[in-house]
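Each remark here refers to the structure printed beneath this line.
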Amino acid sequence: MASSRNRQRALARAKLERQMARRAAAARKRRQVLAIVGIAAAVIVVGGLTGVVVWAKSGKDNGSAKAKAKPSATAAAAGSCYTKATAKSGQKLKDVGMPSNSDVPKTGTQTMTIKTNRGEIDVKLDTAKAPCNVNSFAYLASKKFFDNTTCHRLTTKASGLEVLQCGDPSGTGSGGPTYTVKDENLPTGKKPTYPAGTVAVANTGQAGSGSSQFFIVYGDSDLPASYSVIGTVSKGLDKVQAIANKGVTGANASKGDGAPKEKVKISSLRVSAPATSSPTPSTSASNKS
């Protein structure tokens, strides 16, 4: 009798163990499926952004930027606005010195006046929200860094983005000054992230890699919130839209990404003193004129 009960208990225990093993295997399989789905979704999202995210070429970069920015080796140290940068292979940096990391204006607004062969564009710069980047533009403008440069890139609705990109003296997308600026005023949680009229700083897809290249958003664009917003267009957005209506040229023209078909040349770019004060942009002792 006891032996029979023992056998029944053993059979029941074995049955329970088999059930538990099957359930564990099923759970593992569900986790694997979910992981694969998650990876596939991530690939689709990143793949969808590759080639259309605004970028400034860095070294041998093929022109694509990552949706999630990783810290840059040249990112500004904590508390610093600017970090020296050395040219990587393929980059065309122009040395005009570097703004000082001290005495950076942090209040008020400033006006950036961009005079082009297609008309004047005025930008209200938010000094309070992006002091490091606004001061950088004021400094570069004082060095005539942007004068006689072209806007090298235009994206249209066909690409999913509507921006005009300028600020590279070399006109190649690989140029800039010999320093980088820390990220500020990122539009995290906003929809669209970059509405029409926004002016923001382009970068290589890495945090703290922005400098002189900037883009003017002429139509609502949902980019990753990785690009520092420096202000909004107060005059001349219609000029940018007219340029966009002419389309683009180049190998990716059918995808709505290339050089503007109607050449855009900046004859001069100037930045006013902060509205709340009148200091000139500070410079380091080693600056070159």
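Residues are referred to by chain and number: the chain letter is A, B, ... according to the order shown in the structure tokens, the number counts from 1 in that chain, and ligands are numbered separately from 1 in the order shown.
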Identify, on the basis of only C-alpha atoms, every residue whose closest approach to Gly119 in chain A does not exceed 10 Å; exclude the query and any residue fewer than 5 positions from it along the same chain; express the result as a PDB file with all heavy atoms, in the first residue's frame.
ATOM      1  N   ILE A 114      21.677  87.509 -41.408  1.00  0.00           N
ATOM      2  CA  ILE A 114      22.338  86.744 -42.468  1.00  0.00           C
ATOM      3  C   ILE A 114      21.973  87.374 -43.812  1.00  0.00           C
ATOM      4  O   ILE A 114      20.809  87.326 -44.238  1.00  0.00           O
ATOM      5  CB  ILE A 114      21.891  85.275 -42.459  1.00  0.00           C
ATOM      6  CG1 ILE A 114      22.025  84.677 -41.054  1.00  0.00           C
ATOM      7  CG2 ILE A 114      22.699  84.452 -43.463  1.00  0.00           C
ATOM      8  CD1 ILE A 114      21.362  83.314 -40.906  1.00  0.00           C
ATOM      9  N   GLY A 236      12.410  86.556 -43.022  1.00  0.00           N
ATOM     10  CA  GLY A 236      13.047  85.895 -44.164  1.00  0.00           C
ATOM     11  C   GLY A 236      12.815  84.407 -44.297  1.00  0.00           C
ATOM     12  O   GLY A 236      13.449  83.770 -45.148  1.00  0.00           O
ATOM     13  N   ASP A 238      10.356  83.048 -45.574  1.00  0.00           N
ATOM     14  CA  ASP A 238       9.818  82.883 -46.917  1.00  0.00           C
ATOM     15  C   ASP A 238      10.936  82.776 -47.954  1.00  0.00           C
ATOM     16  O   ASP A 238      10.787  82.088 -48.977  1.00  0.00           O
ATOM     17  CB  ASP A 238       8.884  84.045 -47.270  1.00  0.00           C
ATOM     18  CG  ASP A 238       9.567  85.406 -47.191  1.00  0.00           C
ATOM     19  OD1 ASP A 238      10.417  85.596 -46.292  1.00  0.00           O
ATOM     20  OD2 ASP A 238       9.250  86.288 -48.019  1.00  0.00           O
ATOM     21  N   LYS A 239      12.076  83.411 -47.675  1.00  0.00           N
ATOM     22  CA  LYS A 239      13.222  83.320 -48.586  1.00  0.00           C
ATOM     23  C   LYS A 239      13.774  81.886 -48.595  1.00  0.00           C
ATOM     24  O   LYS A 239      14.127  81.346 -49.648  1.00  0.00           O
ATOM     25  CB  LYS A 239      14.332  84.289 -48.147  1.00  0.00           C
ATOM     26  CG  LYS A 239      13.907  85.743 -48.040  1.00  0.00           C
ATOM     27  CD  LYS A 239      13.646  86.360 -49.388  1.00  0.00           C
ATOM     28  CE  LYS A 239      13.551  87.886 -49.338  1.00  0.00           C
ATOM     29  NZ  LYS A 239      12.550  88.416 -48.416  1.00  0.00           N
ATOM     30  N   VAL A 240      13.828  81.277 -47.419  1.00  0.00           N
ATOM     31  CA  VAL A 240      14.317  79.898 -47.322  1.00  0.00           C
ATOM     32  C   VAL A 240      13.340  78.942 -48.004  1.00  0.00           C
ATOM     33  O   VAL A 240      13.746  78.023 -48.728  1.00  0.00           O
ATOM     34  CB  VAL A 240      14.511  79.490 -45.847  1.00  0.00           C
ATOM     35  CG1 VAL A 240      15.065  78.068 -45.751  1.00  0.00           C
ATOM     36  CG2 VAL A 240      15.453  80.454 -45.141  1.00  0.00           C
ATOM     37  N   VAL A 264      23.002  79.284 -52.742  1.00  0.00           N
ATOM     38  CA  VAL A 264      22.795  80.253 -51.668  1.00  0.00           C
ATOM     39  C   VAL A 264      24.155  80.660 -51.109  1.00  0.00           C
ATOM     40  O   VAL A 264      24.875  79.839 -50.536  1.00  0.00           O
ATOM     41  CB  VAL A 264      21.926  79.666 -50.539  1.00  0.00           C
ATOM     42  CG1 VAL A 264      21.669  80.736 -49.480  1.00  0.00           C
ATOM     43  CG2 VAL A 264      20.624  79.116 -51.080  1.00  0.00           C
ATOM     44  N   LYS A 265      24.507  81.934 -51.267  1.00  0.00           N
ATOM     45  CA  LYS A 265      25.787  82.440 -50.778  1.00  0.00           C
ATOM     46  C   LYS A 265      25.562  83.487 -49.695  1.00  0.00           C
ATOM     47  O   LYS A 265      24.791  84.434 -49.886  1.00  0.00           O
ATOM     48  CB  LYS A 265      26.601  83.041 -51.922  1.00  0.00           C
ATOM     49  CG  LYS A 265      28.003  83.470 -51.496  1.00  0.00           C
ATOM     50  CD  LYS A 265      28.833  83.934 -52.683  1.00  0.00           C
ATOM     51  CE  LYS A 265      30.248  84.309 -52.250  1.00  0.00           C
ATOM     52  NZ  LYS A 265      31.085  84.726 -53.400  1.00  0.00           N
ATOM     53  N   ILE A 266      26.223  83.293 -48.556  1.00  0.00           N
ATOM     54  CA  ILE A 266      26.153  84.261 -47.462  1.00  0.00           C
ATOM     55  C   ILE A 266      27.233  85.320 -47.700  1.00  0.00           C
ATOM     56  O   ILE A 266      28.428  85.004 -47.676  1.00  0.00           O
ATOM     57  CB  ILE A 266      26.374  83.577 -46.101  1.00  0.00           C
ATOM     58  CG1 ILE A 266      25.251  82.573 -45.824  1.00  0.00           C
ATOM     59  CG2 ILE A 266      26.453  84.611 -44.981  1.00  0.00           C
ATOM     60  CD1 ILE A 266      25.456  81.750 -44.565  1.00  0.00           C
TER      61      ILE A 266
END
Identify, on the basis of only C-alpha atoms, every residue whose closest approach to His152 in chain A does not exceed 6 Å; exclude the query and any residue fewer than 5 positions from it along the same chain; express the result as a list in words.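 Counting only C-alpha atoms, the residues come to Cys166, Gly171 and Ala259 of chain A.
For the set A:Thr127, A:Ser226, A:Thr180, A:Asn101, the residue with the smallest atom-to-atom gap to Gly205 in chain A is A:Ser226, counting only C-alpha atoms.
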Which of these, A:Thr156, A:Asn133, A:Ser174, A:Ser254, has the shortest distance to Ser89 in chain A once you count only C-alpha atoms? A:Ser174
Between A:Thr86, A:Thr198, A:Ser100, A:Thr150, single out the one closest to Arg118 in chain A, counting only C-alpha atoms. A:Thr150
Can you measure CA of Lys182 in chain A to CA of Val217 in chain A for me? One decimal in Å is fine.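 Separating CA of Lys182 in chain A from CA of Val217 in chain A is a distance of 21.0 Å.
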Any chance you could tabulate, as CSV, the residues of range 157-227 of chain A at most 10 Å from range 242-246 of chain A with each one's nearest atom pair and distance in Å to one decimal, using only C-alpha atoms, in chain and rising number order?
residue,atom,partner,partner_atom,distance
A:Lys157,CA,A:Ala244,CA,9.4
A:Glu162,CA,A:Ala244,CA,8.1
A:Val163,CA,A:Ala244,CA,8.4
A:Leu164,CA,A:Ala244,CA,7.9
A:Tyr218,CA,A:Ala244,CA,8.4
Of the candidates A:Met98, A:Lys235, A:Asp126, A:Pro192, which one gets nearest to Leu161 in chain A if we count only C-alpha atoms? A:Pro192
Closest of A:Lys88, A:Arg153, A:Lys129, A:Lys144 to Gly258 in chain A - atom-to-atom distances counting only C-alpha atoms: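 Among A:Lys88, A:Arg153, A:Lys129, A:Lys144, it is A:Arg153 that comes nearest to Gly258 in chain A.
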Can you pull out every residue within 6 Å of Asn185 in chain A, counting only C-alpha atoms, but drop anything in the same chain fewer than 2 positions away, and send it as a PyMOL selection string? chain A and resi 129-130+228-229
Output file for the selection above: N, CA, C and O atoms, as a PDB file, in the first residue's frame:
ATOM      1  N   LYS A 129      18.973  80.812 -23.106  1.00  0.00           N
ATOM      2  CA  LYS A 129      18.808  79.357 -23.167  1.00  0.00           C
ATOM      3  C   LYS A 129      19.998  78.641 -23.801  1.00  0.00           C
ATOM      4  O   LYS A 129      20.209  77.457 -23.545  1.00  0.00           O
ATOM      5  N   ALA A 130      20.744  79.326 -24.647  1.00  0.00           N
ATOM      6  CA  ALA A 130      21.892  78.697 -25.314  1.00  0.00           C
ATOM      7  C   ALA A 130      23.083  79.647 -25.299  1.00  0.00           C
ATOM      8  O   ALA A 130      23.612  80.017 -26.348  1.00  0.00           O
ATOM      9  N   SER A 228      21.362  71.492 -30.642  1.00  0.00           N
ATOM     10  CA  SER A 228      21.129  72.681 -29.818  1.00  0.00           C
ATOM     11  C   SER A 228      20.323  73.736 -30.576  1.00  0.00           C
ATOM     12  O   SER A 228      20.722  74.160 -31.665  1.00  0.00           O
ATOM     13  N   VAL A 229      19.229  74.154 -29.990  1.00  0.00           N
ATOM     14  CA  VAL A 229      18.410  75.218 -30.583  1.00  0.00           C
ATOM     15  C   VAL A 229      18.954  76.562 -30.123  1.00  0.00           C
ATOM     16  O   VAL A 229      19.085  76.810 -28.921  1.00  0.00           O
TER      17      VAL A 229
END
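Here CA of Phe215 in chain A is placed at a distance of 8.4 Å from CA of Gly167 in chain A.
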